[in-house]
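Asker: My structure is in work20.cif, and what it holds is mmCIF, C-alpha atoms:
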```
data_structure
loop_
_atom_site.label_atom_id
_atom_site.label_comp_id
_atom_site.auth_asym_id
_atom_site.auth_seq_id
_atom_site.Cartn_x
_atom_site.Cartn_y
_atom_site.Cartn_z
CA MET A 1 117.31 123.74 137.68
CA PHE A 2 117.05 120.13 136.53
CA ASN A 3 118.48 119.80 133.02
CA LEU A 4 116.78 116.83 131.33
CA LYS A 5 119.02 116.92 128.27
CA GLN A 6 122.20 116.92 130.33
CA PHE A 7 120.81 114.17 132.55
CA SER A 8 119.97 111.98 129.54
CA LEU A 9 123.43 112.49 128.06
CA SER A 10 125.02 111.54 131.38
CA VAL A 11 122.97 108.34 131.62
CA THR A 12 123.87 107.43 128.03
CA ALA A 13 127.56 108.06 128.62
CA ILE A 14 127.67 105.96 131.79
CA ALA A 15 125.72 103.11 130.16
CA ALA A 16 128.09 103.19 127.18
CA THR A 17 131.06 103.01 129.55
CA VAL A 18 129.57 99.98 131.30
CA ILE A 19 128.97 98.25 127.95
CA LEU A 20 132.51 98.99 126.73
CA SER A 21 133.93 97.69 129.98
CA THR A 22 131.93 94.48 129.62
CA VAL A 23 133.10 93.89 126.04
CA CYS A 24 136.78 94.64 126.75
CA SER A 25 137.12 92.96 130.13
CA THR A 26 138.74 89.84 128.70
CA ALA A 27 141.68 91.72 127.19
CA ALA A 28 143.67 91.50 130.40
CA GLN A 29 143.33 87.74 130.84
CA ALA A 30 146.57 85.94 131.60
CA ALA A 31 147.55 83.17 129.20
CA THR A 32 148.59 79.74 130.48
CA VAL A 33 151.41 77.76 128.82
CA HIS A 34 150.97 74.02 128.15
CA THR A 35 153.59 71.44 127.20
CA THR A 36 151.14 68.53 126.90
CA ASP A 37 148.07 68.30 124.69
CA PHE A 38 145.14 69.91 126.53
CA ILE A 39 142.64 70.25 123.65
CA PRO A 40 140.38 67.19 123.17
CA ASP A 41 139.85 66.34 119.51
CA ALA A 42 136.09 66.61 120.01
CA THR A 43 136.35 70.29 120.99
CA ARG A 44 138.57 71.42 118.10
CA THR A 45 137.20 74.31 116.09
CA ASN A 46 140.10 74.66 113.62
CA PHE A 47 143.04 72.50 112.55
CA ASN A 48 146.04 73.20 110.32
CA GLY A 49 148.09 70.09 109.58
CA PHE A 50 149.88 71.52 106.51
CA GLU A 51 148.53 68.65 104.46
CA GLY A 52 147.58 71.05 101.69
CA LEU A 53 151.13 72.29 101.16
CA PRO A 54 152.43 71.52 97.65
CA ALA A 55 155.65 69.56 97.26
CA SER A 56 157.32 72.71 95.96
CA PHE A 57 156.29 75.65 98.14
CA ASN A 58 157.72 79.01 97.13
CA ASP A 59 155.90 81.31 99.51
CA SER A 60 156.25 82.41 103.14
CA ILE A 61 152.53 82.30 103.99
CA TYR A 62 150.19 79.32 104.23
CA VAL A 63 146.52 79.23 105.30
CA GLU A 64 144.53 76.16 106.25
CA ASP A 65 141.19 76.12 108.08
CA ARG A 66 141.45 79.88 108.76
CA ILE A 67 144.79 79.50 110.56
CA LYS A 68 147.48 81.62 108.93
CA VAL A 69 151.16 80.67 109.28
CA GLU A 70 153.89 83.00 108.09
CA GLN A 71 157.68 82.80 108.05
CA VAL A 72 158.86 86.34 108.84
CA ASN A 73 162.25 87.51 107.55
CA GLY A 74 163.07 83.97 106.54
CA GLY A 75 162.60 83.92 102.80
CA ASN A 76 160.53 81.52 100.72
CA ASN A 77 162.32 78.31 101.64
CA ILE A 78 159.74 76.22 103.49
CA VAL A 79 160.09 72.43 103.33
CA SER A 80 156.62 70.89 103.26
CA ALA A 81 157.67 67.27 103.68
CA GLY A 82 156.67 65.74 107.01
CA PHE A 83 159.25 66.41 109.72
CA PRO A 84 160.42 63.28 111.63
CA GLY A 85 158.05 62.50 114.49
CA PHE A 86 155.24 64.68 113.15
CA GLU A 87 151.80 63.66 111.92
CA GLY A 88 150.83 63.14 108.28
CA SER A 89 152.91 64.10 105.27
CA GLY A 90 153.09 67.87 105.71
CA SER A 91 154.75 70.21 108.22
CA TRP A 92 156.29 73.71 108.41
CA TYR A 93 160.08 73.89 108.47
CA PRO A 94 162.55 76.42 106.98
CA ASN A 95 164.89 74.47 104.73
CA GLY A 96 168.30 74.43 106.42
CA GLY A 97 167.12 77.01 108.94
CA ASP A 98 166.85 80.78 108.53
CA ILE A 99 167.18 84.03 110.48
CA GLY A 100 163.43 84.61 110.76
CA TYR A 101 160.64 83.37 113.01
CA THR A 102 157.20 81.77 112.60
CA LYS A 103 154.08 83.88 113.06
CA ILE A 104 150.61 82.39 113.65
CA THR A 105 147.33 84.32 113.44
CA ARG A 106 143.69 83.78 112.55
CA THR A 107 142.76 84.95 109.07
CA ASP A 108 140.22 87.38 110.57
CA ALA A 109 142.77 88.65 113.16
CA SER A 110 140.46 87.71 116.05
CA ASP A 111 141.77 86.46 119.40
CA PHE A 112 142.86 82.94 120.15
CA VAL A 113 141.28 81.20 123.14
CA ASN A 114 143.07 77.84 123.17
CA ILE A 115 145.82 76.90 120.72
CA GLY A 116 148.31 74.04 120.63
CA LEU A 117 150.81 72.56 118.18
CA LEU A 118 153.60 70.03 117.73
CA ARG A 119 157.12 71.46 117.87
CA ALA A 120 160.57 70.15 116.95
CA SER A 121 164.08 71.42 116.30
CA GLY A 122 166.25 70.98 113.24
CA PHE A 123 169.47 71.37 115.22
CA GLY A 124 169.65 67.82 116.58
CA ILE A 125 171.26 69.12 119.79
CA THR A 126 170.33 71.13 122.88
CA SER A 127 168.17 74.06 121.79
CA THR A 128 166.02 76.85 123.15
CA TYR A 129 162.48 77.53 121.98
CA VAL A 130 161.23 81.11 122.17
CA TYR A 131 157.54 82.01 122.25
CA GLN A 132 155.84 85.39 122.31
CA LEU A 133 152.13 86.17 122.55
CA LEU A 134 150.87 89.52 121.29
CA LYS A 135 147.62 91.48 121.23
CA ASN A 136 147.40 93.87 118.27
CA GLY A 137 151.20 93.97 118.02
CA VAL A 138 151.82 94.49 121.75
CA SER A 139 153.63 91.69 123.61
CA ILE A 140 151.72 90.28 126.59
CA LEU A 141 153.86 87.20 127.26
CA SER A 142 157.35 86.13 126.20
CA ASP A 143 159.52 83.29 127.49
CA THR A 144 161.82 80.41 126.56
CA LEU A 145 161.65 76.62 126.75
CA LEU A 146 164.82 74.52 126.98
CA GLU A 147 165.13 71.12 125.27
CA THR A 148 168.23 69.01 125.91
CA ASP A 149 167.39 65.76 124.10
CA ASN A 150 166.00 67.03 120.78
CA SER A 151 162.84 65.02 121.41
CA GLY A 152 160.37 67.66 120.29
CA GLY A 153 156.94 67.82 121.88
CA TYR A 154 153.85 69.94 122.35
CA LEU A 155 153.38 73.64 123.02
CA GLY A 156 150.08 75.37 123.69
CA PHE A 157 148.46 78.41 125.22
CA SER A 158 145.07 78.97 126.83
CA GLY A 159 143.22 81.86 128.44
CA GLY A 160 142.74 84.14 125.44
CA GLY A 161 143.59 87.82 125.22
CA PHE A 162 146.09 87.45 122.34
CA ASN A 163 145.75 87.31 118.56
CA GLU A 164 149.29 86.58 117.41
CA ILE A 165 151.97 84.03 118.29
CA ARG A 166 155.62 84.25 117.33
CA LEU A 167 157.89 81.20 117.63
CA GLY A 168 161.53 80.34 117.05
CA ASN A 169 164.12 77.69 117.93
CA TYR A 170 167.81 78.44 118.52
CA SER A 171 170.90 76.36 119.23
CA GLY A 172 172.17 76.03 122.80
CA ASP A 173 170.88 76.75 126.31
CA ASN A 174 170.04 80.44 126.56
CA PRO A 175 167.17 81.50 128.88
CA ASN A 176 167.56 85.07 127.60
CA GLN A 177 167.23 84.09 123.94
CA THR A 178 165.02 86.34 121.82
CA LEU A 179 163.47 85.88 118.39
CA SER A 180 166.73 86.63 116.62
CA GLY A 181 169.59 84.56 115.31
CA TYR A 182 169.73 81.32 113.36
CA ASN A 183 166.35 79.59 113.65
CA ALA A 184 165.49 75.93 112.99
CA LEU A 185 161.92 75.61 114.26
CA ALA A 186 159.59 72.97 112.84
CA ILE A 187 155.86 72.86 113.65
CA ASP A 188 152.84 70.77 112.75
CA SER A 189 149.21 70.04 113.70
CA ILE A 190 148.04 73.43 114.93
CA GLU A 191 144.73 73.02 116.77
CA LEU A 192 142.29 75.61 118.14
CA SER A 193 139.30 75.47 120.45
CA GLY A 194 137.01 77.99 122.05
CA SER A 195 135.29 81.04 120.60
CA SER A 196 136.92 84.45 120.62
CA VAL A 197 133.59 86.27 120.15
CA GLN A 198 132.66 88.17 123.31
CA PRO A 199 128.99 88.65 124.28
CA ILE A 200 127.63 92.16 123.82
CA PRO A 201 124.87 93.40 126.16
CA THR A 202 121.48 92.91 124.53
CA PRO A 203 118.50 95.30 124.72
CA ALA A 204 117.11 93.14 127.55
CA LEU A 205 120.09 94.15 129.69
CA LEU A 206 119.85 97.87 128.98
CA PRO A 207 117.25 98.64 131.71
CA GLY A 208 119.63 97.21 134.28
CA LEU A 209 122.52 99.25 132.90
CA ILE A 210 120.41 102.41 132.92
CA GLY A 211 119.33 101.67 136.49
CA LEU A 212 122.99 101.35 137.45
CA SER A 213 123.69 104.66 135.73
CA LEU A 214 120.86 106.37 137.64
CA GLY A 215 122.29 105.08 140.91
CA VAL A 216 125.68 106.52 140.05
CA LEU A 217 124.16 109.90 139.20
CA ARG A 218 122.16 110.01 142.44
CA LYS A 219 125.31 109.30 144.42
CA ARG A 220 127.16 112.06 142.60
CA LYS A 221 124.31 114.51 143.25
CA ALA A 222 124.22 113.66 146.97
CA GLN A 223 127.98 114.15 147.24
CA ALA A 224 127.68 117.52 145.49
CA VAL A 225 124.97 118.65 147.96
CA LEU A 226 127.12 117.63 150.94
CA GLU A 227 130.13 119.47 149.59
CA LYS A 228 128.01 122.59 149.00
CA GLN A 229 126.64 122.44 152.59
CA LYS A 230 130.17 122.13 154.00
CA ALA A 231 131.27 125.13 152.00
#
```
Re-express the file's structure as structure tokens.
Answerer:
Amino acid sequence: MFNLKQFSLSVTAIAATVILSTVCSTAAQAATVHTTDFIPDATRTNFNGFEGLPASFNDSIYVEDRIKVEQVNGGNNIVSAGFPGFEGSGSWYPNGGDIGYTKITRTDASDFVNIGLLRASGFGITSTYVYQLLKNGVSILSDTLLETDNSGGYLGFSGGGFNEIRLGNYSGDNPNQTLSGYNALAIDSIELSGSSVQPIPTPALLPGLIGLSLGVLRKRKAQAVLEKQKA
């Protein structure tokens, strides 16, 4: 006997699954690494140049334009004075280095889409940069970047699917370097672009989703009839 209640629940469940799949489909996107500036100034949505840092900064967290920067396990020893080669009068650099790393997030913990920044090393010699992208605390990308001339440069990531970045800089050439050891990373001019808000199916789309659900149920019913006939 046809069970209308069970049928309605099945349609609702399948439609909900389709909606959830649509909303979460971007989570598996692969991020792309950039070593040259790829974000036009005109498309910036957020910018943290550390220009609001006081001359004497005794904290490990700084927020500017909804971009949160934190020195993890490094103590409250950030030097706010502009690092050589950077822009403006402010930058983020652990005074004399530390054993921590730099963490970057949005203040609302939402995903990044495109993010870039200026990077430099306080070692003055060959050094290895380490970067790690995470989604809700789970690493999705981790690698190193070698610099032999202490010239500094740009580092960015596009593609979305991550909401945290961890960075460090360590002396020497070590492709297997991790975010541990004596760190002398300096950063400046963090820029963002793109929106991390994903579209949610509107009521106008629901008839199509329900139609898809009905098609799935019909297919299941036909398969069940065939299996019963074979038995």
Asker: Between A:Asn73, A:Thr128, A:Thr178, A:Asn114, which has the minimum distance to Ile39 (chain A) (counting only C-alpha atoms)?
Answerer: A:Asn114
Asker: Which is closer to Pro84 (chain A) than all the others in A:Asn58, A:Asn46, A:Gln132, A:Asn150, using all atoms listed in the file?
Answerer: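 Residue with the minimum atom-to-atom distance to Pro84 (chain A): A:Asn150.
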Asker: Measure the distance from CA of Phe86 (chain A) to CA of Thr35 (chain A) in Å and round it to one decimal.
Answerer: 15.7 Å
Asker: Counting all atoms listed in the file, what is within 7 Å of region 91-105 of chain A, bar same-chain residues fewer than 6 positions away, as a PyMOL selection string?
Answerer: chain A and resi 49-50+67-74+77-83+163-168+179-188
Asker: Give as a list in words the set of residues within 8 Å of the point (142.1, 82.1, 129.4), where distances use the file's coordinates and only C-alpha atoms.
Answerer: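 Within 8 Å of (142.1, 82.1, 129.4), the protein and nucleic acid residues are Gln29, Ala30, Ala31, Thr32, Val113, Asn114, Ser158, Gly159, Gly160 and Gly161 of chain A.
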Asker: With only C-alpha atoms as the basis for distance, which of A:Gly152, A:Gly122, A:Gly172, A:Pro40 is at the shortest distance from Gly194 (chain A)?
Answerer: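 Of all the options, A:Pro40 lies closest to Gly194 (chain A).
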Asker: What gap, in Å, lies between CA of Ser60 (chain A) and CA of Gln177 (chain A)?
Answerer: 23.6 Å
Asker: Would you work out the distance separating CA of Arg106 (chain A) from CA of Ile190 (chain A), expressed in Å to one decimal?
Answerer: 11.5 Å
Asker: Which residue is closest to Asn136 (chain A)? Choose from A:Ala120, A:Phe112, A:Tyr154, A:Gly90 and count all atoms listed in the file.
Answerer: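 Ranking A:Ala120, A:Phe112, A:Tyr154, A:Gly90 by distance to Asn136 (chain A), first place goes to A:Phe112.
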Asker: May I have the centre and edge lengths, in Å to one decimal, of an axis-aligned box around the listed atoms of region 185-192 of chain A with 8 Å added to every side, as AutoDock Vina command-line options?
Answerer:
```
--center_x 152.1 --center_y 72.8 --center_z 115.4 --size_x 35.6 --size_y 21.6 --size_z 21.4
```
